[in-house]
Amino acid sequence: MLSRRLLCPLIKCCPPLQRQQQRNTWILKRVNKPYLKKSWVNPLVVGPALKRINADYELHPDKDFLYEVVKNTENDKMDDIEVLLLKHVKGLGVAGDIVKVRPGIFRHHLYLKREATYASPENLELYKDLIENKQRDINAPSSALSPITVEKLSKTYAVLELSSTQPWTVEPWHVRIALRNEGFIVPEYAIKMPETPITGPDVEGKQDKDFAVFITINKNEQVAVRCTIHHIGAFVHDNWKTRAVRVPILAEQKELLESMFSYPVEEEEEE
Amino acid sequence: MSRKAIDVSLYTRLPLHYRRMREELNKPSTRVHDEPVKTPFVDFYMRDEKKQIIDRMSDVPIKVDYPSESDSGLWGGEGVIRGHPLTWFPSLQRAVVYSEIFDKHLSVVVTRRTLQLIDDAHGFDNYILRTPIQDLKSQLALDLRRKMLITLAKKDFAKDDPKRFEFIWKKYGDCAIPLEEAEWFGLPISKAMAKLISMEKEQNPPQPLKVKFAKELIEKLEGIYKY
């Protein structure tokens with residue numbers, strides 16, 4: 001005999017035989033069977049096949065109004081819906097993408113702001129140009145996460161910890177490792193160094209000072225990232241980011257660094 | 001409950017398309033709160049297995065009430081079930097929906113089922129325009145549909161933007177009906193009667209009797225006095 005435990009997964013994986021779209025709160029069932037006349041009195045068959053609405057007699061006010069709750073679909077989880085994005089949505093996709101989202105987010109936010117529509121066959125045909133020209137548009141963000149990456153990268157201080165005894169010149173792999181410490185994995189070909197080389201060690205001249213590098217994301221967007229040089233063993237304040245106005249190493253990058261993000265200077269309390 | 005008797009002669013004078021619409025409105029709607037009874041044989045079930053006796057199975061849908069509040073919202077076919085001794089109510093919520101034809105956001109009282117139905121129809125306009133009218137179960141939905149049909153018949157949408165006009169016409173143009181029919185669509189009987197009476201008055205305005213009698217008198221007098 002088949003055990004219940006064995007049958008359970010089988011039942012779960014099989015689709016229900018009679019599936020109907022019932023998505024209301026309450027689904028009820030009659031407790032009693034409404035009374036019918038004898039078939040020789042009323043030859044009409046009463047049932048789902050003929051779909052007659054009324055019973056042969058009037059319903060009993062008590063007996064025939066006893067209902068049983070079959071199920072309550074109030075708290076059932078709704079399926080995700082496929083939507084077509086019309087604009088770039090942060091963290092979700094670019095215009096022309098077809099993505100799956102939770103229905104509530106789509107109904108109450110994306111659709112009302114006209115950032116997305118239903119991915120119905122009619123809409124896919126109407127927005128054919130948008131879907132096809134997705135790749136060609138240069139000014140649009142290259143991917144769903146690229147604007148977030150740009151925002152995060154532009155606010156980071158990449159700290160290059162360099163030797164205070166051995167001579168060095170700053171190379172892309174220094175920046176790569178500094179960004180890896182901050183949580184960004186950047187290939188070396190995406191890093192564009194400043195034209196004049198920076199050499200050291202120079203604890204007095206270059207300690208806790210900045211220069212900028214350019215990073216390209218998806219071979220499309222370019223961001224300037226602030227890099228700071230710290231010598232190993234040299235003293236660094238805890239609040240070095242907000243302690244004083246940042247000083248550039250290279251004179252040519254002065255304007256660029258001033259235009260970039262930096263933390264506002266906090267004045268220390270005098271004791 | 002007292003119901004006003006409908007004036008038969010007035011009702012027959014109503015336009016044919018309106019009367020057909022009323023008939024369609026009274027058709028049985030999709031069952032929301034119960035499922036058809038399943039029987040092993042068509043309309044029959046096994047009453048006694050030992051003696052092999054079969055009996056007819058009745059399939060009477062559960063009675064659902066639609067209170068007057070349902071006419072000011074979109075409940076998607078849900079209603080109040082008055083059982084014995086319990087009563088079941090639908091859970092209502094207020095939500096904002098967007099209509100492409102009107103280019104407006106509407107705040108309406110809906111149920112969860114309505115939101116799902118709107119998603120299934122791929123948009124609010126599609127839900128209002130393409131759902132069978134007996135399933136809407138709301139005067140608000142019928143009024144919205146009438147307004148949509150009138151705007152489609154008059155082509156009174158997106159006048160400044162030809163691109164958008166073409167887009168909407170491509171999407172909903174097949175729902176358009178002539179303006180005469182659209183103006184009658186979904187009116188409740190009392191309003192339709194009032195409309196009919198006012199139209200008839202406009203076509204043949206009632207003449208006061210004093211005008212008629214004065215005319216007759218002048219005709220009579222013309223025989224006696226000659227100018």
# chains A, B, ... in the order shown; residues from 1 in each chain; ligands from 1
$ residues_around --residues "Gly73 in chain B" --least-positions-apart "3" --cutoff "10 Å" --atoms "only C-alpha atoms" --output "ChimeraX atom specification"
/B:68-70,76,92-94,107-111,137-141
$ interface_residues --of "chain B" --to "chain A" --cutoff "8 Å" --atoms "only C-alpha atoms" --output "NGL selection string"
:B and (32-38 or 42-43 or 56-62 or 78 or 82-85 or 88 or 90-91 or 95-98 or 105 or 112-113 or 116 or 119 or 122-123 or 167 or 171)
$ select_by_dssp --residues "range 185-239 of chain A" --states "strand (DSSP E or B)" --output "list in words"
Ile191, Lys192, Thr199, Gly200, Lys209, Asp210, Phe211, Ala212, Val213, Phe214, Ile215, Thr216, Ile217, Glu221, Gln222, Val223, Ala224, Val225, Arg226, Cys227, Thr228, Ile229, His230 and His231 of chain A
$ closest_residue --among "B:Thr30, B:Ser9, B:Asn126, B:Gln52" --to "Asp174 in chain B" --atoms "only C-alpha atoms"
B:Asn126
$ select_by_dssp --residues "range 11-210 of chain B" --states "alpha helix (DSSP H)" --output "PyMOL selection string"
chain B and resi 11-13+16-25+112-120+124-130+133-136+139-154+162-172+179-184+189-203+209-210
$ residues_around --residues "Glu151 in chain A" --least-positions-apart "4" --cutoff "12 Å" --atoms "only C-alpha atoms" --output "list in words"
Lys90, Leu145, Ser146, Pro147, Lys155, Thr156, Ile217, Glu221, Gln222, Val223, Ala224, Val225, Met260 and Phe261 of chain A
